[in-house]
file run-v7.tsv (TSV, C-alpha atoms)
chain	number	residue	atom	x	y	z
A	185	MET	CA	24.64	-8.71	9.28
A	186	GLU	CA	23.93	-6.06	11.93
A	187	LEU	CA	21.45	-7.49	14.46
A	188	ALA	CA	20.77	-4.29	16.41
A	189	TRP	CA	17.92	-2.05	15.26
A	190	SER	CA	18.91	1.34	13.89
A	191	GLU	CA	17.80	4.44	15.78
A	192	ALA	CA	14.96	4.98	13.30
A	193	ASP	CA	13.85	1.35	13.54
A	194	ALA	CA	13.92	1.48	17.35
A	195	ALA	CA	11.74	4.61	17.25
A	196	PHE	CA	9.30	2.84	14.92
A	197	ARG	CA	9.23	-0.18	17.25
A	198	ASP	CA	8.34	2.10	20.17
A	199	GLU	CA	5.58	3.72	18.09
A	200	VAL	CA	4.10	0.31	17.29
A	201	ARG	CA	4.32	-0.78	20.93
A	202	SER	CA	2.49	2.36	22.08
A	203	PHE	CA	-0.25	1.81	19.52
A	204	LEU	CA	-0.70	-1.84	20.53
A	205	GLU	CA	-0.77	-0.95	24.23
A	206	GLU	CA	-3.47	1.65	23.61
A	207	LYS	CA	-5.69	-0.21	21.15
A	208	LEU	CA	-5.51	-3.85	22.18
A	209	THR	CA	-8.41	-4.36	24.56
A	210	PRO	CA	-8.47	-7.30	27.00
A	211	GLU	CA	-11.09	-8.95	24.79
A	212	LEU	CA	-8.91	-8.68	21.71
A	213	ARG	CA	-5.88	-9.98	23.58
A	214	ARG	CA	-7.93	-12.92	24.85
A	215	ALA	CA	-9.01	-13.71	21.29
A	216	GLY	CA	-5.36	-13.72	20.24
A	217	ARG	CA	-4.38	-15.85	23.21
A	218	LEU	CA	-7.12	-18.44	22.64
A	219	ALA	CA	-6.56	-18.85	18.92
A	220	THR	CA	-6.02	-22.53	18.23
A	221	SER	CA	-4.50	-21.92	14.79
A	222	VAL	CA	-3.23	-19.13	12.53
A	223	TYR	CA	-6.83	-17.88	12.52
A	224	SER	CA	-8.33	-15.96	15.42
A	225	ASP	CA	-12.02	-15.61	16.28
A	226	HIS	CA	-13.67	-14.05	13.22
A	227	GLU	CA	-15.43	-11.19	14.98
A	228	ALA	CA	-12.35	-10.23	16.98
A	229	SER	CA	-10.21	-10.44	13.86
A	230	MET	CA	-12.52	-8.10	11.95
A	231	GLU	CA	-12.66	-5.65	14.86
A	232	TRP	CA	-8.87	-5.57	14.98
A	233	GLN	CA	-8.76	-5.03	11.21
A	234	ARG	CA	-11.13	-2.06	11.63
A	235	ILE	CA	-8.82	-0.53	14.25
A	236	LEU	CA	-5.75	-1.08	12.08
A	237	HIS	CA	-7.53	0.37	9.05
A	238	GLU	CA	-8.30	3.57	10.99
A	239	ARG	CA	-4.56	3.91	11.60
A	240	GLY	CA	-3.69	3.02	8.01
A	241	TRP	CA	-1.93	-0.18	9.06
A	242	ALA	CA	-4.38	-2.88	7.96
A	243	ALA	CA	-2.42	-3.78	4.82
A	244	PRO	CA	1.08	-2.33	5.20
A	245	ALA	CA	2.56	-4.59	2.49
A	246	TRP	CA	0.25	-3.22	-0.22
A	247	PRO	CA	1.47	-0.54	-2.63
A	248	VAL	CA	1.00	2.89	-1.08
A	249	GLU	CA	-1.41	4.02	-3.80
A	250	TYR	CA	-3.86	1.30	-2.74
A	251	GLY	CA	-3.62	1.86	1.01
A	252	GLY	CA	-0.30	0.30	1.97
A	253	CYS	CA	2.53	1.77	4.03
A	254	ASP	CA	5.82	3.16	2.79
A	255	TRP	CA	7.74	0.95	5.21
A	256	THR	CA	11.11	-0.68	4.87
A	257	GLN	CA	11.34	-4.47	5.02
A	258	THR	CA	12.71	-4.08	8.55
A	259	GLN	CA	9.68	-2.06	9.62
A	260	HIS	CA	7.35	-4.72	8.22
A	261	TYR	CA	9.19	-7.33	10.29
A	262	ILE	CA	9.10	-5.17	13.42
A	263	PHE	CA	5.35	-4.59	13.06
A	264	SER	CA	4.71	-8.32	12.63
A	265	ARG	CA	6.97	-9.21	15.54
A	266	GLU	CA	5.53	-6.65	17.97
A	267	SER	CA	1.95	-7.60	17.07
A	268	ILE	CA	2.70	-11.22	17.91
A	269	LEU	CA	4.45	-10.37	21.15
A	270	ALA	CA	1.51	-8.16	22.21
A	271	GLY	CA	-1.00	-10.95	21.57
A	272	ALA	CA	-2.93	-9.22	18.78
A	273	PRO	CA	-5.53	-11.32	16.94
A	274	ASN	CA	-4.45	-12.56	13.54
A	275	LEU	CA	-6.12	-11.05	10.50
A	276	SER	CA	-7.43	-13.51	7.94
A	277	PRO	CA	-4.71	-13.72	5.28
A	278	MET	CA	-7.01	-14.66	2.39
A	279	GLY	CA	-7.89	-11.15	1.32
A	280	ILE	CA	-5.27	-8.76	2.65
A	281	ARG	CA	-2.16	-10.91	2.45
A	282	MET	CA	-3.00	-13.11	-0.53
A	283	VAL	CA	-5.56	-12.35	-3.23
A	284	ALA	CA	-5.13	-8.57	-2.93
A	285	HIS	CA	-1.56	-8.87	-4.24
A	286	ALA	CA	-2.80	-10.93	-7.19
A	287	ILE	CA	-5.47	-8.32	-7.91
A	288	VAL	CA	-2.84	-5.56	-7.87
A	289	ALA	CA	-0.60	-7.53	-10.24
A	290	TYR	CA	-3.17	-9.08	-12.61
A	291	GLY	CA	-6.46	-7.28	-12.04
A	292	THR	CA	-8.20	-4.83	-14.33
A	293	GLU	CA	-8.68	-1.26	-13.17
A	294	GLU	CA	-12.33	-2.09	-12.53
A	295	GLN	CA	-11.35	-5.07	-10.35
A	296	LYS	CA	-8.79	-3.01	-8.42
A	297	SER	CA	-11.18	-0.12	-7.76
A	298	TYR	CA	-13.95	-2.45	-6.59
A	299	PHE	CA	-12.14	-5.07	-4.52
A	300	LEU	CA	-9.11	-3.39	-2.91
A	301	PRO	CA	-10.88	-0.69	-0.86
A	302	ARG	CA	-13.58	-3.16	0.20
A	303	ILE	CA	-11.00	-5.73	1.32
A	304	LEU	CA	-9.45	-3.04	3.52
A	305	THR	CA	-12.74	-2.16	5.21
A	306	GLY	CA	-13.83	-5.80	5.54
A	307	GLU	CA	-16.88	-5.29	3.33
A	308	VAL	CA	-15.39	-7.93	1.01
A	309	PHE	CA	-14.13	-11.02	2.86
A	310	PHE	CA	-12.47	-13.74	0.78
A	311	CYS	CA	-12.05	-17.47	1.20
A	312	GLN	CA	-9.73	-19.62	-0.93
A	313	GLY	CA	-11.05	-22.24	-3.34
A	314	TYR	CA	-8.04	-24.36	-4.27
A	315	SER	CA	-8.12	-27.91	-2.87
A	316	GLU	CA	-10.62	-30.49	-4.10
A	317	PRO	CA	-11.35	-34.03	-2.86
A	318	GLU	CA	-9.04	-35.41	-5.59
A	319	ALA	CA	-6.64	-32.44	-5.82
A	320	GLY	CA	-4.77	-31.44	-2.69
A	321	SER	CA	-1.00	-31.31	-2.81
A	322	ASP	CA	-1.22	-32.06	-6.53
A	323	LEU	CA	-3.29	-28.94	-7.08
A	324	ALA	CA	-2.91	-28.99	-10.86
A	325	SER	CA	-5.11	-32.11	-10.91
A	326	LEU	CA	-8.17	-30.03	-10.01
A	327	SER	CA	-11.33	-30.74	-12.00
A	328	MET	CA	-14.00	-28.22	-10.94
A	329	ALA	CA	-15.27	-27.19	-14.35
A	330	ALA	CA	-16.08	-23.73	-15.70
A	331	VAL	CA	-17.87	-23.93	-19.05
A	332	ASP	CA	-18.01	-20.95	-21.42
A	333	ASP	CA	-21.50	-19.51	-21.86
A	334	GLY	CA	-21.35	-16.13	-23.56
A	335	ASP	CA	-20.43	-13.44	-21.03
A	336	ASP	CA	-20.36	-15.98	-18.19
A	337	LEU	CA	-18.66	-19.13	-17.02
A	338	ILE	CA	-20.88	-21.90	-15.61
A	339	VAL	CA	-19.10	-23.49	-12.63
A	340	THR	CA	-19.81	-27.03	-11.38
A	341	GLY	CA	-17.85	-29.09	-8.86
A	342	SER	CA	-16.62	-28.74	-5.28
A	343	LYS	CA	-13.82	-27.34	-3.17
A	344	ILE	CA	-12.73	-28.70	0.21
A	345	TRP	CA	-10.83	-27.49	3.29
A	346	THR	CA	-12.20	-24.02	2.51
A	347	THR	CA	-11.37	-21.86	5.52
A	348	HIS	CA	-14.06	-19.37	6.63
A	349	ALA	CA	-16.40	-20.21	3.73
A	350	THR	CA	-19.37	-19.56	6.01
A	351	GLU	CA	-18.15	-16.02	6.77
A	352	ALA	CA	-16.85	-15.14	3.31
A	353	ASN	CA	-18.90	-13.29	0.70
A	354	TRP	CA	-16.30	-13.88	-2.05
A	355	MET	CA	-14.05	-16.76	-3.05
A	356	PHE	CA	-10.95	-16.75	-5.22
A	357	ALA	CA	-10.82	-20.10	-6.94
A	358	LEU	CA	-8.96	-22.13	-9.52
A	359	VAL	CA	-11.28	-23.77	-12.05
A	360	ARG	CA	-10.76	-26.04	-15.06
A	361	THR	CA	-11.63	-24.26	-18.33
A	362	SER	CA	-9.76	-26.60	-20.69
A	363	LYS	CA	-8.56	-30.22	-20.65
A	364	THR	CA	-5.99	-29.90	-23.44
A	365	GLY	CA	-2.23	-29.60	-22.97
A	366	ARG	CA	-0.37	-30.01	-19.68
A	367	LYS	CA	-2.52	-30.17	-16.55
A	368	GLN	CA	-1.20	-26.79	-15.40
A	369	GLN	CA	-2.69	-25.33	-18.57
A	370	GLY	CA	-6.41	-24.80	-18.93
A	371	ILE	CA	-6.79	-23.50	-15.36
A	372	THR	CA	-8.44	-20.13	-14.75
A	373	PHE	CA	-8.27	-17.89	-11.67
A	374	LEU	CA	-11.81	-16.80	-10.85
A	375	LEU	CA	-13.42	-14.44	-8.30
A	376	ILE	CA	-16.78	-15.89	-7.26
A	377	ASP	CA	-19.59	-14.09	-5.43
A	378	MET	CA	-20.55	-16.50	-2.61
A	379	THR	CA	-24.16	-15.25	-2.66
A	380	SER	CA	-24.63	-16.62	-6.19
A	381	PRO	CA	-27.41	-19.21	-6.67
A	382	GLY	CA	-26.20	-22.80	-6.73
A	383	ILE	CA	-23.63	-22.64	-3.92
A	384	GLU	CA	-23.94	-24.94	-0.89
A	385	ILE	CA	-21.55	-24.87	2.11
A	386	ARG	CA	-21.13	-27.86	4.43
A	387	PRO	CA	-18.97	-27.26	7.53
A	388	LEU	CA	-16.30	-29.83	8.45
A	389	VAL	CA	-16.03	-30.37	12.20
A	390	MET	CA	-12.40	-30.51	13.26
A	391	THR	CA	-10.95	-32.52	16.12
A	392	SER	CA	-10.62	-29.23	18.01
A	393	GLY	CA	-14.42	-28.85	17.84
A	394	GLU	CA	-14.24	-25.90	15.46
A	395	GLU	CA	-16.01	-25.52	12.13
A	396	VAL	CA	-13.42	-23.34	10.41
A	397	GLN	CA	-13.01	-25.65	7.41
A	398	ASN	CA	-15.78	-26.40	4.92
A	399	GLN	CA	-16.63	-28.20	1.72
A	400	VAL	CA	-18.29	-25.97	-0.87
A	401	PHE	CA	-20.44	-27.33	-3.69
A	402	PHE	CA	-21.14	-25.51	-6.96
A	403	ASP	CA	-24.12	-26.57	-9.07
A	404	GLY	CA	-24.26	-24.60	-12.31
A	405	VAL	CA	-23.08	-21.36	-10.69
A	406	ARG	CA	-23.03	-18.49	-13.18
A	407	VAL	CA	-19.92	-16.26	-12.85
A	408	PRO	CA	-19.34	-13.24	-15.12
A	409	LYS	CA	-16.16	-13.40	-17.20
A	410	LYS	CA	-15.29	-9.96	-15.87
A	411	ASN	CA	-14.44	-11.79	-12.63
A	412	VAL	CA	-11.57	-13.68	-14.27
A	413	LEU	CA	-8.24	-12.55	-12.81
A	414	GLY	CA	-5.59	-12.55	-15.50
A	415	LYS	CA	-6.40	-14.55	-18.62
A	416	ILE	CA	-8.68	-17.52	-19.17
A	417	ASP	CA	-6.63	-20.76	-19.16
A	418	ASP	CA	-3.64	-18.95	-17.56
A	419	GLY	CA	-4.71	-19.05	-13.92
A	420	TRP	CA	-1.71	-21.18	-12.93
A	421	THR	CA	0.50	-18.14	-13.50
A	422	VAL	CA	-1.61	-16.10	-11.06
A	423	ALA	CA	-1.70	-18.93	-8.53
A	424	LYS	CA	2.11	-19.31	-8.53
A	425	TYR	CA	2.47	-15.57	-7.97
A	426	LEU	CA	0.05	-15.70	-5.05
A	427	LEU	CA	1.89	-18.61	-3.40
A	428	VAL	CA	4.85	-16.32	-2.71
A	429	PHE	CA	2.61	-14.32	-0.37
A	430	GLU	CA	0.94	-17.39	1.16
A	431	ARG	CA	4.19	-19.02	2.29
A	432	GLY	CA	6.18	-16.04	3.47
A	433	GLY	CA	6.18	-12.48	4.74
A	434	ALA	CA	5.44	-12.87	8.44
A	435	ALA	CA	7.65	-13.44	11.46
A	436	ALA	CA	7.02	-16.90	12.95
A	437	ALA	CA	9.85	-17.03	15.49
A	438	PRO	CA	8.45	-14.45	17.97
A	439	ALA	CA	5.20	-16.36	18.45
A	440	LEU	CA	7.10	-19.62	18.96
A	441	GLN	CA	9.46	-17.94	21.42
A	442	VAL	CA	6.50	-16.64	23.43
A	443	MET	CA	4.95	-20.12	23.44
A	444	ALA	CA	8.19	-21.73	24.62
A	445	GLU	CA	8.63	-19.12	27.36
A	446	ARG	CA	5.12	-19.75	28.62
A	447	ILE	CA	5.74	-23.50	28.70
A	448	ALA	CA	8.78	-22.90	30.91
A	449	GLU	CA	6.74	-20.69	33.24
A	450	GLU	CA	3.89	-23.18	33.54
A	451	ALA	CA	6.19	-26.21	33.86
A	452	ALA	CA	7.73	-24.53	36.91
A	453	GLU	CA	4.32	-24.87	38.59
A	454	GLN	CA	3.33	-28.34	37.35
A	455	PRO	CA	4.24	-31.68	38.96
A	456	GLY	CA	6.70	-33.88	37.10
A	457	PRO	CA	6.76	-37.68	36.79
A	458	SER	CA	9.06	-38.04	39.81
A	459	GLY	CA	7.04	-35.83	42.13
A	460	GLY	CA	9.10	-32.66	41.72
A	461	ARG	CA	8.50	-29.79	39.35
A	462	LEU	CA	8.05	-30.69	35.68
A	463	ILE	CA	10.66	-28.12	34.66
A	464	ASP	CA	13.23	-30.03	36.74
A	465	ASP	CA	12.55	-33.33	34.96
A	466	PRO	CA	15.66	-33.99	32.82
A	467	ALA	CA	13.75	-35.47	29.86
A	468	PHE	CA	11.21	-32.66	29.65
A	469	SER	CA	13.71	-29.87	30.24
A	470	ALA	CA	15.99	-31.25	27.51
A	471	LYS	CA	13.14	-31.27	24.98
A	472	LEU	CA	12.14	-27.74	25.94
A	473	ALA	CA	15.74	-26.50	25.75
A	474	GLU	CA	16.13	-27.96	22.26
A	475	ALA	CA	12.89	-26.29	21.14
A	476	ARG	CA	14.00	-22.91	22.51
A	477	ILE	CA	17.35	-23.21	20.73
A	478	ARG	CA	15.53	-23.98	17.49
A	479	THR	CA	13.32	-20.90	17.88
A	480	ASP	CA	16.44	-18.77	18.23
A	481	VAL	CA	17.91	-20.37	15.11
A	482	LEU	CA	14.66	-19.71	13.24
A	483	GLU	CA	14.78	-16.07	14.29
A	484	ILE	CA	18.31	-15.71	12.91
A	485	LEU	CA	17.20	-17.29	9.62
A	486	GLU	CA	14.27	-14.86	9.46
A	487	TYR	CA	16.69	-11.99	10.05
A	488	ARG	CA	18.90	-13.28	7.22
A	489	THR	CA	15.90	-13.40	4.88
A	490	LEU	CA	14.92	-9.91	6.02
A	491	ALA	CA	18.44	-8.65	5.28
A	492	ALA	CA	18.29	-10.13	1.77
A	493	LEU	CA	14.90	-8.54	1.08
A	494	SER	CA	16.07	-5.19	2.48
A	495	ALA	CA	19.01	-5.29	0.06
A	496	GLY	CA	16.66	-5.89	-2.85
A	497	LYS	CA	17.68	-9.53	-3.25
A	498	ASN	CA	15.47	-12.53	-3.91
A	499	PRO	CA	15.70	-14.91	-0.92
A	500	GLY	CA	15.10	-17.81	-3.30
A	501	PRO	CA	14.09	-21.08	-1.64
A	502	ALA	CA	14.26	-19.52	1.83
A	503	SER	CA	10.45	-19.32	1.99
A	504	SER	CA	10.24	-23.11	1.65
A	505	MET	CA	12.92	-23.59	4.32
A	506	LEU	CA	11.18	-21.21	6.75
A	507	LYS	CA	7.82	-22.84	6.12
A	508	ILE	CA	9.23	-26.26	7.00
A	509	LEU	CA	11.12	-25.11	10.08
A	510	GLY	CA	8.32	-22.90	11.39
A	511	THR	CA	5.48	-25.41	11.08
A	512	GLU	CA	7.44	-28.39	12.39
A	513	LEU	CA	8.80	-26.40	15.32
A	514	SER	CA	5.27	-25.22	16.10
A	515	GLN	CA	4.15	-28.85	16.20
A	516	THR	CA	6.97	-29.65	18.62
A	517	ILE	CA	6.03	-26.78	20.91
A	518	THR	CA	2.30	-27.57	20.94
A	519	ARG	CA	3.19	-31.17	21.82
A	520	LEU	CA	5.30	-29.93	24.75
A	521	THR	CA	2.46	-27.65	25.86
A	522	LEU	CA	0.08	-30.61	25.90
A	523	GLU	CA	2.62	-32.59	27.92
A	524	ALA	CA	2.98	-29.73	30.39
A	525	ALA	CA	-0.80	-29.45	30.75
A	526	GLY	CA	-0.88	-32.92	32.30
A	527	PRO	CA	-4.21	-34.69	33.03
A	528	ARG	CA	-6.17	-31.45	32.72
A	529	GLY	CA	-4.91	-31.14	29.17
A	530	ARG	CA	-6.73	-34.36	28.28
A	531	VAL	CA	-10.16	-32.91	28.93
A	532	TYR	CA	-12.02	-32.16	25.69
A	533	GLN	CA	-13.72	-28.78	26.12
A	534	PRO	CA	-13.83	-26.86	22.82
A	535	HIS	CA	-16.31	-24.34	24.25
A	536	ILE	CA	-13.35	-22.71	26.01
A	537	THR	CA	-12.26	-20.92	22.86
A	538	ALA	CA	-15.68	-19.37	22.19
A	539	PRO	CA	-15.80	-15.59	22.79
A	540	GLY	CA	-16.67	-15.12	26.45
A	541	GLY	CA	-16.66	-18.88	26.99
A	542	PRO	CA	-16.33	-20.32	30.51
A	543	VAL	CA	-12.96	-21.48	31.77
A	544	ALA	CA	-12.82	-22.22	35.46
A	545	ASP	CA	-16.23	-23.70	36.32
A	546	TYR	CA	-16.49	-26.66	33.97
A	547	VAL	CA	-16.21	-30.10	35.60
A	548	PRO	CA	-16.28	-33.08	33.22
A	549	PRO	CA	-18.46	-35.99	34.39
A	550	ALA	CA	-17.09	-38.94	36.34
A	551	ASP	CA	-13.33	-38.47	35.91
A	552	GLY	CA	-12.89	-35.90	38.69
A	553	TYR	CA	-10.61	-33.52	36.78
A	554	VAL	CA	-11.61	-29.88	36.71
A	555	SER	CA	-10.94	-28.01	33.49
A	556	GLY	CA	-7.84	-26.39	34.93
A	557	GLU	CA	-6.40	-23.11	33.83
A	558	GLU	CA	-7.12	-21.49	30.51
A	559	TRP	CA	-3.86	-22.60	28.87
A	560	GLN	CA	-4.47	-26.22	29.90
A	561	ALA	CA	-7.93	-26.17	28.33
A	562	VAL	CA	-6.61	-24.72	25.08
A	563	ALA	CA	-3.54	-27.01	24.87
A	564	PRO	CA	-5.24	-30.10	23.32
A	565	LEU	CA	-7.25	-27.98	20.87
A	566	ARG	CA	-4.14	-26.20	19.65
A	567	TYR	CA	-2.27	-29.51	19.46
A	568	PHE	CA	-4.95	-31.07	17.24
A	569	ASN	CA	-5.21	-28.03	15.00
A	570	ASP	CA	-1.46	-27.66	14.58
A	571	ARG	CA	-1.11	-31.12	13.00
A	572	ALA	CA	-2.25	-29.50	9.73
A	573	GLY	CA	0.63	-27.01	9.74
A	574	SER	CA	2.95	-29.28	7.79
A	575	ILE	CA	0.26	-29.85	5.14
A	576	TYR	CA	-1.30	-26.49	4.32
A	577	ALA	CA	0.30	-23.92	1.97
A	578	GLY	CA	2.09	-26.76	0.21
A	579	SER	CA	3.00	-29.83	2.24
A	580	ASN	CA	6.44	-29.94	3.80
A	581	GLU	CA	7.33	-32.91	1.58
A	582	ILE	CA	6.73	-30.69	-1.44
A	583	GLN	CA	8.77	-27.89	0.15
A	584	ARG	CA	11.66	-30.34	0.61
A	585	ASN	CA	11.42	-31.26	-3.07
A	586	ILE	CA	11.63	-27.56	-3.93
A	587	LEU	CA	14.73	-27.21	-1.76
A	588	ALA	CA	16.28	-30.32	-3.31
A	589	LYS	CA	15.93	-28.85	-6.79
A	590	ALA	CA	16.61	-25.16	-6.07
A	591	ALA	CA	19.33	-25.44	-3.40
A	592	LEU	CA	20.96	-28.82	-4.05
A	593	GLY	CA	20.40	-29.18	-7.78
A	594	LEU	CA	18.96	-32.66	-7.42
call {"tool": "encode", "arguments": {"input": "run-v7.tsv", "output": "C-alpha cells"}}
result
Amino acid sequence: MELAWSEADAAFRDEVRSFLEEKLTPELRRAGRLATSVYSDHEASMEWQRILHERGWAAPAWPVEYGGCDWTQTQHYIFSRESILAGAPNLSPMGIRMVAHAIVAYGTEEQKSYFLPRILTGEVFFCQGYSEPEAGSDLASLSMAAVDDGDDLIVTGSKIWTTHATEANWMFALVRTSKTGRKQQGITFLLIDMTSPGIEIRPLVMTSGEEVQNQVFFDGVRVPKKNVLGKIDDGWTVAKYLLVFERGGAAAAPALQVMAERIAEEAAEQPGPSGGRLIDDPAFSAKLAEARIRTDVLEILEYRTLAALSAGKNPGPASSMLKILGTELSQTITRLTLEAAGPRGRVYQPHITAPGGPVADYVPPADGYVSGEEWQAVAPLRYFNDRAGSIYAGSNEIQRNILAKAALGL
C-alpha cells in the first residue's frame, strides 16, 4: 500500500484546506472544539451545513445526481480528515449520512424528490427512532406497534435515546407491523412527521448536563403508508443496509491524534504528582505514549480499509473492528484528558459548552478552585459523554461477536 498522497490527491487536500481556512469562523471552530460528543451545537452544525451546501460539499458521499460529489474514496477520506484537523463542527449524521442512503436505495421517486433536496438544505432534519426501553442492543425485540388502518398506519409506543428529537421535524423509525414469524420479520421502516398529533418528547438530562437524548411517546399517531420506506414487514432489510453507513465511512484517527497531541501540550504545563511537570511523570507519560501509538495503528487500519474500498473491494468486518478500536481508544484519551485537567477538571460546569458561554470567570462556591482553562472545563463533560461510545451504533460486545463469526468462523 502506497501511503503518500498522489499529486492529484495532494492538490485536492490543499483545496480543502483553503476552503476550511476561509469559511471556518472562530465561532464555528469554537463549536467544534467544545463538542462533548460526535454531535456539535445544533445551530453551529446547521450553519456549517449551509456553508458546505453552497459549495456542493454537504453530502459528498451521495450519488452525484442527488447532490453528491464525484470523489474517489481517497478524496472522501481526505475531506473527512482535513475537516477534523481544522476543527469543523460535526454535521448531524441522521439525515445526510444515514437515512438519505436508505431513501436512495429503497425510496420511491416521490420520497426521493421530496426528502433528499430538503435534507441537503436542512429544511428536513431527521432523528432516529430505533431503541426502545425493552429493545436496545437486541433491536429486533422492538414492540412499538403500527396498526393498519386503510391508507395509514396508527403508531403507538415509545422510543428512547432519541438524539436531537427536540430539533428534528422528521423521524425514521422501526415499528412492529406483525408478530408472526421470526422477530426480525414483521418490522417496517417508517418516516414519521414529528409535528403529527399524538407525539410527546421528554428530554433526558445527561451527566454532562446536556439534553441531547430524549424519550419520544406515540399515542395513536397517524402515519400515511406512503411514508413506508421499502415494503411493509420488510424494514429489517432497510435497517441492515443503513447500519453500514452508521458504523463506517469517516476518519476517526485524525481527531484522536489531535486530542492526544493536545494532552501532551497541556500536560507539559500541568503539575504532576511528584511536583514536576505531569508530562514527565513516568506513569502518565507511558499511558499517553501507548494511546498515541494506538492512534497511529488505527490510522494505518483506516488507510487499509480505504485502499480496499478504492480498489472496489468489500472491507468485510473491518467496520466492526474500526468501531471497536475507535470508540475504546476515544474513551482512553478522554480519561487521560480528565487526568491531565487535574482538580479543575473536577468542577461541574456544563454551561461552558453553551454557545457564547463563560469560561474564565466562573468560581464554584466554597472549594476555591476557579474553572480553569476551557479544555479543563470541557474535560469532565466529554469524559462522561464518551462512556456511551462503546454502546451506540451496536455495542462493542455485539461487534466482537460479528468479528468472531465473520473473521474467525466461530
call {"tool": "closest_residue", "arguments": {"input": "run-v7.tsv", "among": "A:Asp480, A:Glu206, A:Glu453, A:Asp570", "to": "Arg519 of chain A", "atoms": "only C-alpha atoms"}}
result
A:Asp570
call {"tool": "closest_residue", "arguments": {"input": "run-v7.tsv", "among": "A:Ser362, A:Gln454, A:Thr340, A:Gln399", "to": "Phe468 of chain A", "atoms": "all atoms listed in the file"}}
result
A:Gln454
call {"tool": "closest_residue", "arguments": {"input": "run-v7.tsv", "among": "A:Pro210, A:Pro534, A:Pro317, A:Gly500", "to": "Leu587 of chain A", "atoms": "all atoms listed in the file"}}
result
A:Gly500
call {"tool": "atom_distance", "arguments": {"input": "run-v7.tsv", "atom1": "atom CA of Thr372 of chain A", "atom2": "atom CA of Gly291 of chain A"}}
result
13.3 Å
call {"tool": "atom_distance", "arguments": {"input": "run-v7.tsv", "atom1": "atom CA of Arg566 of chain A", "atom2": "atom CA of Ala452 of chain A"}}
result
21.0 Å
call {"tool": "atom_distance", "arguments": {"input": "run-v7.tsv", "atom1": "atom CA of Asp225 of chain A", "atom2": "atom CA of Trp354 of chain A"}}
result
18.9 Å
call {"tool": "residues_around", "arguments": {"input": "run-v7.tsv", "residues": "His260 of chain A", "least_positions_apart": "6", "cutoff": "12 Å", "atoms": "all atoms listed in the file", "output": "MDAnalysis selection string"}}
result
chainID A and resid 193 196:197 200 241:246 252:254 266:267 433:435 487 490 493:494
call {"tool": "residues_around", "arguments": {"input": "run-v7.tsv", "residues": "Ile477 of chain A", "least_positions_apart": "6", "cutoff": "12 Å", "atoms": "all atoms listed in the file", "output": "PDB file with C-alpha atoms, in the coordinates of the input"}}
result
ATOM      1  CA  ALA A 437       9.850 -17.030  15.490  1.00  0.00           C
ATOM      2  CA  LEU A 440       7.100 -19.620  18.960  1.00  0.00           C
ATOM      3  CA  GLN A 441       9.460 -17.940  21.420  1.00  0.00           C
ATOM      4  CA  ALA A 444       8.190 -21.730  24.620  1.00  0.00           C
ATOM      5  CA  GLU A 445       8.630 -19.120  27.360  1.00  0.00           C
ATOM      6  CA  ALA A 470      15.990 -31.250  27.510  1.00  0.00           C
ATOM      7  CA  LYS A 471      13.140 -31.270  24.980  1.00  0.00           C
ATOM      8  CA  GLU A 483      14.780 -16.070  14.290  1.00  0.00           C
ATOM      9  CA  ILE A 484      18.310 -15.710  12.910  1.00  0.00           C
ATOM     10  CA  LEU A 513       8.800 -26.400  15.320  1.00  0.00           C
ATOM     11  CA  ILE A 517       6.030 -26.780  20.910  1.00  0.00           C
TER      12      ILE A 517
END
call {"tool": "closest_residue", "arguments": {"input": "run-v7.tsv", "among": "A:Thr518, A:Ala192, A:Ala228, A:Leu427", "to": "Thr209 of chain A", "atoms": "all atoms listed in the file"}}
result
A:Ala228
call {"tool": "residues_near_point", "arguments": {"input": "run-v7.tsv", "point": "(-1.2, -17.9, -21.1)", "cutoff": "12 Å", "atoms": "all atoms listed in the file", "output": "ChimeraX atom specification"}}
result
/A:365,368-373,414-422
call {"tool": "residues_around", "arguments": {"input": "run-v7.tsv", "residues": "Leu462 of chain A", "least_positions_apart": "3", "cutoff": "9 Å", "atoms": "only C-alpha atoms", "output": "list in words"}}
result
Glu450, Ala451, Ala452, Glu453, Gln454, Pro455, Gly456, Pro457, Ser458, Gly459, Asp465, Pro466, Phe468, Ser469 and Ala524 of chain A
call {"tool": "residues_near_point", "arguments": {"input": "run-v7.tsv", "point": "(-15.3, -29.0, 15.4)", "cutoff": "12 Å", "atoms": "all atoms listed in the file", "output": "number ranges by chain"}}
result
A: 220, 387-398, 532-535, 537-538, 565, 568-569
call {"tool": "axis_aligned_box", "arguments": {"input": "run-v7.tsv", "around": "segment 412-428 of chain A", "padding_each_side": "8 Å", "output": "lines of an AutoDock Vina configuration file"}}
result
center_x = -3.4
center_y = -16.9
center_z = -10.9
size_x = 32.4
size_y = 24.6
size_z = 32.5
call {"tool": "decode", "arguments": {"input": "run-v7.tsv", "residues": "segment 474-479 of chain A", "atoms": "N, CA, C and O atoms", "output": "compact mmCIF listing (two decimals), in the first residue's frame"}}
result
# COMPACT_ATOMS: atom_id res chain seq x y z
N GLU A 474 1.29 5.07 24.91
CA GLU A 474 0.55 3.91 24.40
C GLU A 474 -0.66 4.38 23.59
O GLU A 474 -0.94 3.83 22.51
N ALA A 475 -1.36 5.40 24.09
CA ALA A 475 -2.54 5.91 23.37
C ALA A 475 -2.14 6.49 22.02
O ALA A 475 -2.83 6.27 21.02
N ARG A 476 -1.02 7.20 21.96
CA ARG A 476 -0.59 7.80 20.70
C ARG A 476 -0.16 6.72 19.70
O ARG A 476 -0.42 6.83 18.49
N ILE A 477 0.46 5.66 20.19
CA ILE A 477 0.81 4.55 19.32
C ILE A 477 -0.45 3.91 18.75
O ILE A 477 -0.54 3.59 17.55
N ARG A 478 -1.45 3.75 19.59
CA ARG A 478 -2.70 3.13 19.14
C ARG A 478 -3.42 4.00 18.12
O ARG A 478 -4.06 3.48 17.19
N THR A 479 -3.33 5.32 18.25
CA THR A 479 -3.95 6.19 17.22
C THR A 479 -3.24 6.03 15.89
O THR A 479 -3.89 6.05 14.83
